[in-house]
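Following: one structure in structure tokens, then a few remarks.
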Amino acid sequence: MAEHFEIAAGGKAEKYALLLKQVEAVVDGEPDMIANMANVAAMIHETFGFWWTGFYRVVADELVLGPFQGPLACSRIKRGRGVCGTAWAEAQTQVVPDVDRFPGHIACSSASRSEIVVPMMVDGEVAAVLDIDSSRLNTFDEVDRLWLERIVAVLAAVV
């Protein structure tokens, strides 16, 4: 699958600004988190053409695969394991330019080269994480982090 990239950060930020407004409109009045996660994953995936875009939900002591776009994924991830488990354990966004250099990276797909994981905070606890993988190195930066955190905050406010 080909990925689409913007050369200028301004172009990417403009796409995210429009996407944020669309996300706000789609989740407005829809209380079901799974439905919202499914639509948001699809919207991000379609907008940017990333390799894999989806959510993992905190269920007891694991992250459990939620709605996603892309190829087959890991079904369950332990707290503190891999990029997703680290984002959950630290309650902090993880931006990984090269997944092969991330200690304990879980290789659900060898095509994944860089990754960003954004925790969704509800009542001060991580309720889910947004996980996005790219088939290219160094895909994600501060622009992605800022806008994806805003998008995830919109989802968290619906709960």
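All residue names refer to the structure tokens as shown: chains lettered A, B, ... in order, residues numbered from 1 in each chain, ligands numbered from 1 in order.
Excluding Gly70 in chain A and any residue on its chain fewer than 6 positions from it, the residues at most 12 Å away by only C-alpha atoms are Met1, Ala2, Glu3, Ala41, Ala42, Ile44, His45, Glu46, Gly49, Phe50, Trp51, Trp52, Thr53, Gly54, Phe55, Cys108, Ser109, Ala111, Ser112, Asp131, Ile132, Asp133, Ser134 and Ser135 of chain A.
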Checklist entry - Counting only C-alpha atoms, what is within 12 Å of Gly104 in chain A, bar same-chain residues fewer than 4 positions away, as JSON, numbers by chain? => result {"A": [77, 78, 79, 80, 81, 82, 83, 84, 85, 86, 99, 100]}
File of the preceding selection, N, CA, C and O atoms, as a short mmCIF file (atom, residue, chain, number, x, y, z; two decimals), in the first residue's frame:
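So again.cif came out as:
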```cif
data_model
loop_
_atom_site.label_atom_id
_atom_site.label_comp_id
_atom_site.auth_asym_id
_atom_site.auth_seq_id
_atom_site.Cartn_x
_atom_site.Cartn_y
_atom_site.Cartn_z
N ILE A 77 -1.88 -7.00 23.94
CA ILE A 77 -0.56 -6.48 24.29
C ILE A 77 -0.54 -6.24 25.80
O ILE A 77 -1.44 -5.61 26.35
N LYS A 78 0.51 -6.70 26.45
CA LYS A 78 0.66 -6.51 27.89
C LYS A 78 1.13 -5.09 28.20
O LYS A 78 1.84 -4.47 27.42
N ARG A 79 0.77 -4.63 29.38
CA ARG A 79 1.20 -3.31 29.85
C ARG A 79 2.73 -3.26 29.89
O ARG A 79 3.38 -4.16 30.38
N GLY A 80 3.29 -2.19 29.29
CA GLY A 80 4.73 -2.01 29.28
C GLY A 80 5.45 -2.70 28.13
O GLY A 80 6.64 -2.49 27.94
N ARG A 81 4.75 -3.51 27.34
CA ARG A 81 5.38 -4.22 26.22
C ARG A 81 5.20 -3.45 24.93
O ARG A 81 4.11 -2.98 24.62
N GLY A 82 6.26 -3.32 24.17
CA GLY A 82 6.20 -2.67 22.88
C GLY A 82 5.85 -1.19 23.00
O GLY A 82 5.82 -0.63 24.10
N VAL A 83 5.59 -0.57 21.88
CA VAL A 83 5.31 0.86 21.85
C VAL A 83 3.93 1.14 22.48
O VAL A 83 3.78 2.05 23.28
N CYS A 84 2.95 0.31 22.13
CA CYS A 84 1.60 0.51 22.69
C CYS A 84 1.58 0.31 24.20
O CYS A 84 1.01 1.12 24.94
N GLY A 85 2.18 -0.76 24.66
CA GLY A 85 2.21 -1.04 26.10
C GLY A 85 3.00 0.00 26.87
O GLY A 85 2.67 0.32 28.02
N THR A 86 4.02 0.57 26.25
CA THR A 86 4.80 1.64 26.88
C THR A 86 3.97 2.92 26.98
O THR A 86 3.96 3.59 28.02
N VAL A 99 11.20 1.70 14.46
CA VAL A 99 10.73 0.70 15.42
C VAL A 99 11.79 -0.35 15.74
O VAL A 99 11.78 -0.94 16.82
N ASP A 100 12.73 -0.58 14.84
CA ASP A 100 13.78 -1.56 15.09
C ASP A 100 14.72 -1.12 16.21
O ASP A 100 15.45 -1.93 16.77
#
```
Using only C-alpha atoms, what table do you get, as CSV, when you list each residue of range 101-157 of chain A with an atom no more than 9 Å from range 10-18 of chain A, its nearest pair of atoms, and their distance in Å rounded to one decimal, rows by chain then rising number?
```
residue,atom,partner,partner_atom,distance
A:Val143,CA,A:Ala13,CA,6.5
A:Asp144,CA,A:Ala13,CA,8.0
A:Trp147,CA,A:Tyr16,CA,6.1
A:Leu148,CA,A:Tyr16,CA,8.1
A:Ile151,CA,A:Tyr16,CA,8.9
```
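Each of A:Glu149, A:Asp141, A:Asp61, A:Glu24 was compared to Pro97 in chain A using only C-alpha atoms, and A:Asp141 turns out to be the nearest.
Ranking A:Val64, A:Ile116, A:Ala87, A:Val26 by their shortest atom-to-atom distance to Leu155 in chain A, with only C-alpha atoms included, puts A:Val26 first.
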Item to check | Selection: 10 Å around Met121 in chain A, only C-alpha atoms, excl. self and same-chain fewer than 3 positions, as a ChimeraX atom specification | outcome: /A:88,91-92,118,124-129,152-153,155-157
Written selection (N, CA, C and O atoms) as an mmCIF file, in the first residue's frame:
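Wrote out_28.cif, looks like this:
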```
data_model
loop_
_atom_site.group_PDB
_atom_site.id
_atom_site.type_symbol
_atom_site.label_atom_id
_atom_site.label_comp_id
_atom_site.auth_asym_id
_atom_site.auth_seq_id
_atom_site.Cartn_x
_atom_site.Cartn_y
_atom_site.Cartn_z
ATOM 1 N N TRP A 88 0.804 3.098 27.212
ATOM 2 C CA TRP A 88 -0.174 2.824 28.272
ATOM 3 C C TRP A 88 0.481 2.976 29.644
ATOM 4 O O TRP A 88 -0.019 3.699 30.508
ATOM 5 N N ALA A 91 1.482 6.578 30.186
ATOM 6 C CA ALA A 91 0.409 7.538 29.922
ATOM 7 C C ALA A 91 0.956 8.739 29.141
ATOM 8 O O ALA A 91 0.648 9.890 29.430
ATOM 9 N N GLN A 92 1.772 8.422 28.146
ATOM 10 C CA GLN A 92 2.437 9.464 27.365
ATOM 11 C C GLN A 92 2.592 9.012 25.919
ATOM 12 O O GLN A 92 2.893 7.842 25.649
ATOM 13 N N VAL A 118 -0.733 7.168 20.843
ATOM 14 C CA VAL A 118 -1.284 8.246 21.661
ATOM 15 C C VAL A 118 -2.275 7.653 22.660
ATOM 16 O O VAL A 118 -3.274 7.057 22.255
ATOM 17 N N GLY A 124 -8.530 10.378 34.191
ATOM 18 C CA GLY A 124 -7.163 10.280 34.677
ATOM 19 C C GLY A 124 -6.470 8.955 34.423
ATOM 20 O O GLY A 124 -5.334 8.756 34.846
ATOM 21 N N GLU A 125 -7.130 8.045 33.727
ATOM 22 C CA GLU A 125 -6.556 6.731 33.424
ATOM 23 C C GLU A 125 -6.539 6.516 31.908
ATOM 24 O O GLU A 125 -7.395 7.034 31.193
ATOM 25 N N VAL A 126 -5.581 5.717 31.438
ATOM 26 C CA VAL A 126 -5.552 5.360 30.021
ATOM 27 C C VAL A 126 -6.670 4.352 29.757
ATOM 28 O O VAL A 126 -6.707 3.288 30.371
ATOM 29 N N ALA A 127 -7.590 4.707 28.861
ATOM 30 C CA ALA A 127 -8.704 3.834 28.511
ATOM 31 C C ALA A 127 -8.446 3.092 27.199
ATOM 32 O O ALA A 127 -9.018 2.030 26.948
ATOM 33 N N ALA A 128 -7.585 3.664 26.366
ATOM 34 C CA ALA A 128 -7.266 3.086 25.062
ATOM 35 C C ALA A 128 -6.026 3.795 24.532
ATOM 36 O O ALA A 128 -5.588 4.804 25.110
ATOM 37 N N VAL A 129 -5.484 3.274 23.450
ATOM 38 C CA VAL A 129 -4.404 3.964 22.745
ATOM 39 C C VAL A 129 -4.711 3.959 21.259
ATOM 40 O O VAL A 129 -5.290 3.005 20.733
ATOM 41 N N VAL A 152 -7.597 12.503 19.796
ATOM 42 C CA VAL A 152 -7.889 11.520 20.849
ATOM 43 C C VAL A 152 -8.641 12.185 22.018
ATOM 44 O O VAL A 152 -9.537 11.591 22.607
ATOM 45 N N ALA A 153 -8.316 13.436 22.312
ATOM 46 C CA ALA A 153 -9.020 14.153 23.372
ATOM 47 C C ALA A 153 -10.501 14.356 23.021
ATOM 48 O O ALA A 153 -11.371 14.298 23.904
ATOM 49 N N LEU A 155 -12.286 12.266 21.256
ATOM 50 C CA LEU A 155 -12.896 10.960 21.534
ATOM 51 C C LEU A 155 -13.107 10.744 23.026
ATOM 52 O O LEU A 155 -14.163 10.277 23.449
ATOM 53 N N ALA A 156 -12.113 11.074 23.811
ATOM 54 C CA ALA A 156 -12.203 10.868 25.263
ATOM 55 C C ALA A 156 -13.331 11.677 25.877
ATOM 56 O O ALA A 156 -13.955 11.260 26.854
ATOM 57 N N ALA A 157 -13.612 12.845 25.323
ATOM 58 C CA ALA A 157 -14.664 13.715 25.864
ATOM 59 C C ALA A 157 -16.057 13.151 25.641
ATOM 60 O O ALA A 157 -17.005 13.549 26.310
#
```
Item to check | Members of range 43-87 of chain A assigned strand (DSSP E or B) by DSSP, as a list of chain:residue names | outcome: A:Trp52, A:Thr53, A:Gly54, A:Phe55, A:Tyr56, A:Arg57, A:Val58, A:Val59, A:Glu62, A:Leu63, A:Val64, A:Leu65, A:Gly66, A:Pro67, A:Phe68, A:Gln69, A:Arg76, A:Ile77, A:Lys78
Run DSSP on the backbone and grab whatever in chain A lands in alpha helix (DSSP H); send it over as a PDB file with N, CA and C atoms, in the first residue's frame.
```pdb
ATOM      1  N   ALA A   9       5.421  20.909   6.573  1.00  0.00           N
ATOM      2  CA  ALA A   9       4.675  20.686   7.811  1.00  0.00           C
ATOM      3  C   ALA A   9       3.353  21.440   7.786  1.00  0.00           C
ATOM      4  N   GLY A  10       3.326  22.614   7.157  1.00  0.00           N
ATOM      5  CA  GLY A  10       2.096  23.397   7.059  1.00  0.00           C
ATOM      6  C   GLY A  10       1.003  22.616   6.367  1.00  0.00           C
ATOM      7  N   GLY A  11       1.336  21.890   5.317  1.00  0.00           N
ATOM      8  CA  GLY A  11       0.363  21.071   4.610  1.00  0.00           C
ATOM      9  C   GLY A  11      -0.202  19.980   5.485  1.00  0.00           C
ATOM     10  N   LYS A  12       0.652  19.345   6.248  1.00  0.00           N
ATOM     11  CA  LYS A  12       0.208  18.283   7.145  1.00  0.00           C
ATOM     12  C   LYS A  12      -0.670  18.863   8.242  1.00  0.00           C
ATOM     13  N   ALA A  13      -0.273  19.983   8.810  1.00  0.00           N
ATOM     14  CA  ALA A  13      -1.062  20.626   9.868  1.00  0.00           C
ATOM     15  C   ALA A  13      -2.429  21.040   9.338  1.00  0.00           C
ATOM     16  N   GLU A  14      -2.483  21.527   8.117  1.00  0.00           N
ATOM     17  CA  GLU A  14      -3.767  21.903   7.515  1.00  0.00           C
ATOM     18  C   GLU A  14      -4.673  20.694   7.362  1.00  0.00           C
ATOM     19  N   LYS A  15      -4.109  19.561   6.953  1.00  0.00           N
ATOM     20  CA  LYS A  15      -4.898  18.332   6.840  1.00  0.00           C
ATOM     21  C   LYS A  15      -5.436  17.916   8.209  1.00  0.00           C
ATOM     22  N   TYR A  16      -4.576  18.015   9.222  1.00  0.00           N
ATOM     23  CA  TYR A  16      -5.014  17.645  10.575  1.00  0.00           C
ATOM     24  C   TYR A  16      -6.097  18.592  11.082  1.00  0.00           C
ATOM     25  N   ALA A  17      -5.980  19.882  10.794  1.00  0.00           N
ATOM     26  CA  ALA A  17      -6.983  20.850  11.255  1.00  0.00           C
ATOM     27  C   ALA A  17      -8.352  20.520  10.659  1.00  0.00           C
ATOM     28  N   LEU A  18      -8.386  20.200   9.384  1.00  0.00           N
ATOM     29  CA  LEU A  18      -9.639  19.809   8.742  1.00  0.00           C
ATOM     30  C   LEU A  18     -10.147  18.489   9.313  1.00  0.00           C
ATOM     31  N   LEU A  19      -9.241  17.540   9.497  1.00  0.00           N
ATOM     32  CA  LEU A  19      -9.605  16.241  10.050  1.00  0.00           C
ATOM     33  C   LEU A  19     -10.204  16.393  11.451  1.00  0.00           C
ATOM     34  N   LEU A  20      -9.623  17.245  12.278  1.00  0.00           N
ATOM     35  CA  LEU A  20     -10.135  17.460  13.628  1.00  0.00           C
ATOM     36  C   LEU A  20     -11.586  17.950  13.582  1.00  0.00           C
ATOM     37  N   LYS A  21     -11.879  18.875  12.708  1.00  0.00           N
ATOM     38  CA  LYS A  21     -13.258  19.374  12.573  1.00  0.00           C
ATOM     39  C   LYS A  21     -14.195  18.256  12.126  1.00  0.00           C
ATOM     40  N   GLN A  22     -13.733  17.416  11.222  1.00  0.00           N
ATOM     41  CA  GLN A  22     -14.546  16.296  10.753  1.00  0.00           C
ATOM     42  C   GLN A  22     -14.790  15.290  11.874  1.00  0.00           C
ATOM     43  N   VAL A  23     -13.756  15.015  12.660  1.00  0.00           N
ATOM     44  CA  VAL A  23     -13.895  14.094  13.790  1.00  0.00           C
ATOM     45  C   VAL A  23     -14.911  14.643  14.787  1.00  0.00           C
ATOM     46  N   GLU A  24     -14.801  15.919  15.107  1.00  0.00           N
ATOM     47  CA  GLU A  24     -15.757  16.535  16.035  1.00  0.00           C
ATOM     48  C   GLU A  24     -17.188  16.364  15.537  1.00  0.00           C
ATOM     49  N   ALA A  25     -17.412  16.548  14.241  1.00  0.00           N
ATOM     50  CA  ALA A  25     -18.752  16.414  13.673  1.00  0.00           C
ATOM     51  C   ALA A  25     -19.243  14.968  13.717  1.00  0.00           C
ATOM     52  N   VAL A  26     -18.355  14.017  13.424  1.00  0.00           N
ATOM     53  CA  VAL A  26     -18.747  12.608  13.370  1.00  0.00           C
ATOM     54  C   VAL A  26     -19.077  12.054  14.754  1.00  0.00           C
ATOM     55  N   VAL A  27     -18.320  12.435  15.776  1.00  0.00           N
ATOM     56  CA  VAL A  27     -18.561  11.875  17.116  1.00  0.00           C
ATOM     57  C   VAL A  27     -19.634  12.637  17.893  1.00  0.00           C
ATOM     58  N   MET A  33     -18.344   4.298  21.968  1.00  0.00           N
ATOM     59  CA  MET A  33     -16.914   4.488  21.746  1.00  0.00           C
ATOM     60  C   MET A  33     -16.384   3.614  20.607  1.00  0.00           C
ATOM     61  N   ILE A  34     -16.873   2.384  20.480  1.00  0.00           N
ATOM     62  CA  ILE A  34     -16.392   1.503  19.409  1.00  0.00           C
ATOM     63  C   ILE A  34     -16.754   2.097  18.040  1.00  0.00           C
ATOM     64  N   ALA A  35     -17.974   2.586  17.907  1.00  0.00           N
ATOM     65  CA  ALA A  35     -18.382   3.218  16.649  1.00  0.00           C
ATOM     66  C   ALA A  35     -17.502   4.426  16.352  1.00  0.00           C
ATOM     67  N   ASN A  36     -17.241   5.228  17.378  1.00  0.00           N
ATOM     68  CA  ASN A  36     -16.400   6.412  17.181  1.00  0.00           C
ATOM     69  C   ASN A  36     -14.968   6.034  16.830  1.00  0.00           C
ATOM     70  N   MET A  37     -14.418   5.033  17.520  1.00  0.00           N
ATOM     71  CA  MET A  37     -13.058   4.579  17.205  1.00  0.00           C
ATOM     72  C   MET A  37     -12.975   4.073  15.767  1.00  0.00           C
ATOM     73  N   ALA A  38     -13.980   3.336  15.339  1.00  0.00           N
ATOM     74  CA  ALA A  38     -13.984   2.790  13.981  1.00  0.00           C
ATOM     75  C   ALA A  38     -13.963   3.920  12.951  1.00  0.00           C
ATOM     76  N   ASN A  39     -14.823   4.898  13.146  1.00  0.00           N
ATOM     77  CA  ASN A  39     -14.865   6.013  12.190  1.00  0.00           C
ATOM     78  C   ASN A  39     -13.597   6.847  12.223  1.00  0.00           C
ATOM     79  N   VAL A  40     -13.068   7.106  13.398  1.00  0.00           N
ATOM     80  CA  VAL A  40     -11.859   7.925  13.502  1.00  0.00           C
ATOM     81  C   VAL A  40     -10.658   7.194  12.888  1.00  0.00           C
ATOM     82  N   ALA A  41     -10.542   5.900  13.143  1.00  0.00           N
ATOM     83  CA  ALA A  41      -9.449   5.133  12.524  1.00  0.00           C
ATOM     84  C   ALA A  41      -9.551   5.215  11.000  1.00  0.00           C
ATOM     85  N   ALA A  42     -10.751   5.059  10.476  1.00  0.00           N
ATOM     86  CA  ALA A  42     -10.944   5.128   9.026  1.00  0.00           C
ATOM     87  C   ALA A  42     -10.616   6.520   8.487  1.00  0.00           C
ATOM     88  N   MET A  43     -11.031   7.554   9.214  1.00  0.00           N
ATOM     89  CA  MET A  43     -10.787   8.928   8.756  1.00  0.00           C
ATOM     90  C   MET A  43      -9.297   9.254   8.714  1.00  0.00           C
ATOM     91  N   ILE A  44      -8.572   8.882   9.763  1.00  0.00           N
ATOM     92  CA  ILE A  44      -7.124   9.134   9.794  1.00  0.00           C
ATOM     93  C   ILE A  44      -6.436   8.337   8.679  1.00  0.00           C
ATOM     94  N   HIS A  45      -6.812   7.082   8.560  1.00  0.00           N
ATOM     95  CA  HIS A  45      -6.200   6.197   7.576  1.00  0.00           C
ATOM     96  C   HIS A  45      -6.418   6.710   6.152  1.00  0.00           C
ATOM     97  N   GLU A  46      -7.625   7.131   5.862  1.00  0.00           N
ATOM     98  CA  GLU A  46      -7.946   7.645   4.530  1.00  0.00           C
ATOM     99  C   GLU A  46      -7.265   8.988   4.260  1.00  0.00           C
ATOM    100  N   THR A  47      -7.173   9.821   5.276  1.00  0.00           N
ATOM    101  CA  THR A  47      -6.567  11.142   5.100  1.00  0.00           C
ATOM    102  C   THR A  47      -5.078  11.053   4.803  1.00  0.00           C
ATOM    103  N   PHE A  48      -4.379  10.166   5.522  1.00  0.00           N
ATOM    104  CA  PHE A  48      -2.919  10.133   5.414  1.00  0.00           C
ATOM    105  C   PHE A  48      -2.360   8.882   4.728  1.00  0.00           C
ATOM    106  N   GLY A  82       6.261  -3.324  24.165  1.00  0.00           N
ATOM    107  CA  GLY A  82       6.196  -2.669  22.878  1.00  0.00           C
ATOM    108  C   GLY A  82       5.854  -1.188  23.001  1.00  0.00           C
ATOM    109  N   VAL A  83       5.595  -0.575  21.882  1.00  0.00           N
ATOM    110  CA  VAL A  83       5.306   0.858  21.855  1.00  0.00           C
ATOM    111  C   VAL A  83       3.934   1.135  22.483  1.00  0.00           C
ATOM    112  N   CYS A  84       2.946   0.311  22.133  1.00  0.00           N
ATOM    113  CA  CYS A  84       1.601   0.511  22.695  1.00  0.00           C
ATOM    114  C   CYS A  84       1.584   0.306  24.199  1.00  0.00           C
ATOM    115  N   GLY A  85       2.181  -0.764  24.662  1.00  0.00           N
ATOM    116  CA  GLY A  85       2.214  -1.041  26.101  1.00  0.00           C
ATOM    117  C   GLY A  85       2.996  -0.001  26.874  1.00  0.00           C
ATOM    118  N   THR A  86       4.019   0.572  26.253  1.00  0.00           N
ATOM    119  CA  THR A  86       4.800   1.642  26.882  1.00  0.00           C
ATOM    120  C   THR A  86       3.972   2.921  26.980  1.00  0.00           C
ATOM    121  N   ALA A  87       3.250   3.261  25.914  1.00  0.00           N
ATOM    122  CA  ALA A  87       2.382   4.445  25.946  1.00  0.00           C
ATOM    123  C   ALA A  87       1.336   4.297  27.041  1.00  0.00           C
ATOM    124  N   TRP A  88       0.804   3.098  27.212  1.00  0.00           N
ATOM    125  CA  TRP A  88      -0.174   2.824  28.272  1.00  0.00           C
ATOM    126  C   TRP A  88       0.481   2.976  29.644  1.00  0.00           C
ATOM    127  N   ALA A  89       1.613   2.310  29.851  1.00  0.00           N
ATOM    128  CA  ALA A  89       2.275   2.327  31.158  1.00  0.00           C
ATOM    129  C   ALA A  89       2.721   3.728  31.569  1.00  0.00           C
ATOM    130  N   GLU A  90       3.205   4.510  30.600  1.00  0.00           N
ATOM    131  CA  GLU A  90       3.710   5.853  30.904  1.00  0.00           C
ATOM    132  C   GLU A  90       2.653   6.936  30.745  1.00  0.00           C
ATOM    133  N   GLU A 142       6.445  16.151  15.701  1.00  0.00           N
ATOM    134  CA  GLU A 142       5.704  16.949  16.681  1.00  0.00           C
ATOM    135  C   GLU A 142       4.337  17.386  16.139  1.00  0.00           C
ATOM    136  N   VAL A 143       4.246  17.636  14.858  1.00  0.00           N
ATOM    137  CA  VAL A 143       2.962  18.011  14.252  1.00  0.00           C
ATOM    138  C   VAL A 143       1.960  16.873  14.421  1.00  0.00           C
ATOM    139  N   ASP A 144       2.381  15.663  14.104  1.00  0.00           N
ATOM    140  CA  ASP A 144       1.504  14.495  14.273  1.00  0.00           C
ATOM    141  C   ASP A 144       1.101  14.342  15.739  1.00  0.00           C
ATOM    142  N   ARG A 145       2.080  14.442  16.635  1.00  0.00           N
ATOM    143  CA  ARG A 145       1.795  14.266  18.060  1.00  0.00           C
ATOM    144  C   ARG A 145       0.735  15.260  18.531  1.00  0.00           C
ATOM    145  N   LEU A 146       0.936  16.525  18.233  1.00  0.00           N
ATOM    146  CA  LEU A 146       0.003  17.554  18.699  1.00  0.00           C
ATOM    147  C   LEU A 146      -1.408  17.331  18.178  1.00  0.00           C
ATOM    148  N   TRP A 147      -1.545  17.101  16.886  1.00  0.00           N
ATOM    149  CA  TRP A 147      -2.876  16.954  16.296  1.00  0.00           C
ATOM    150  C   TRP A 147      -3.532  15.634  16.683  1.00  0.00           C
ATOM    151  N   LEU A 148      -2.774  14.555  16.748  1.00  0.00           N
ATOM    152  CA  LEU A 148      -3.375  13.278  17.142  1.00  0.00           C
ATOM    153  C   LEU A 148      -3.805  13.306  18.606  1.00  0.00           C
ATOM    154  N   GLU A 149      -3.053  13.997  19.456  1.00  0.00           N
ATOM    155  CA  GLU A 149      -3.487  14.147  20.849  1.00  0.00           C
ATOM    156  C   GLU A 149      -4.801  14.925  20.918  1.00  0.00           C
ATOM    157  N   ARG A 150      -4.962  15.921  20.069  1.00  0.00           N
ATOM    158  CA  ARG A 150      -6.226  16.678  20.031  1.00  0.00           C
ATOM    159  C   ARG A 150      -7.378  15.781  19.569  1.00  0.00           C
ATOM    160  N   ILE A 151      -7.136  14.980  18.554  1.00  0.00           N
ATOM    161  CA  ILE A 151      -8.171  14.083  18.049  1.00  0.00           C
ATOM    162  C   ILE A 151      -8.578  13.079  19.117  1.00  0.00           C
ATOM    163  N   VAL A 152      -7.597  12.503  19.796  1.00  0.00           N
ATOM    164  CA  VAL A 152      -7.889  11.520  20.849  1.00  0.00           C
ATOM    165  C   VAL A 152      -8.641  12.185  22.018  1.00  0.00           C
ATOM    166  N   ALA A 153      -8.316  13.436  22.312  1.00  0.00           N
ATOM    167  CA  ALA A 153      -9.020  14.153  23.372  1.00  0.00           C
ATOM    168  C   ALA A 153     -10.501  14.356  23.021  1.00  0.00           C
ATOM    169  N   VAL A 154     -10.796  14.573  21.746  1.00  0.00           N
ATOM    170  CA  VAL A 154     -12.188  14.695  21.307  1.00  0.00           C
ATOM    171  C   VAL A 154     -12.918  13.376  21.580  1.00  0.00           C
ATOM    172  N   LEU A 155     -12.286  12.266  21.256  1.00  0.00           N
ATOM    173  CA  LEU A 155     -12.896  10.960  21.534  1.00  0.00           C
ATOM    174  C   LEU A 155     -13.107  10.744  23.026  1.00  0.00           C
ATOM    175  N   ALA A 156     -12.113  11.074  23.811  1.00  0.00           N
ATOM    176  CA  ALA A 156     -12.203  10.868  25.263  1.00  0.00           C
ATOM    177  C   ALA A 156     -13.331  11.677  25.877  1.00  0.00           C
ATOM    178  N   ALA A 157     -13.612  12.845  25.323  1.00  0.00           N
ATOM    179  CA  ALA A 157     -14.664  13.715  25.864  1.00  0.00           C
ATOM    180  C   ALA A 157     -16.057  13.151  25.641  1.00  0.00           C
ATOM    181  N   VAL A 158     -16.190  12.206  24.704  1.00  0.00           N
ATOM    182  CA  VAL A 158     -17.501  11.621  24.398  1.00  0.00           C
ATOM    183  C   VAL A 158     -17.896  10.568  25.421  1.00  0.00           C
TER     184      VAL A 158
END
```
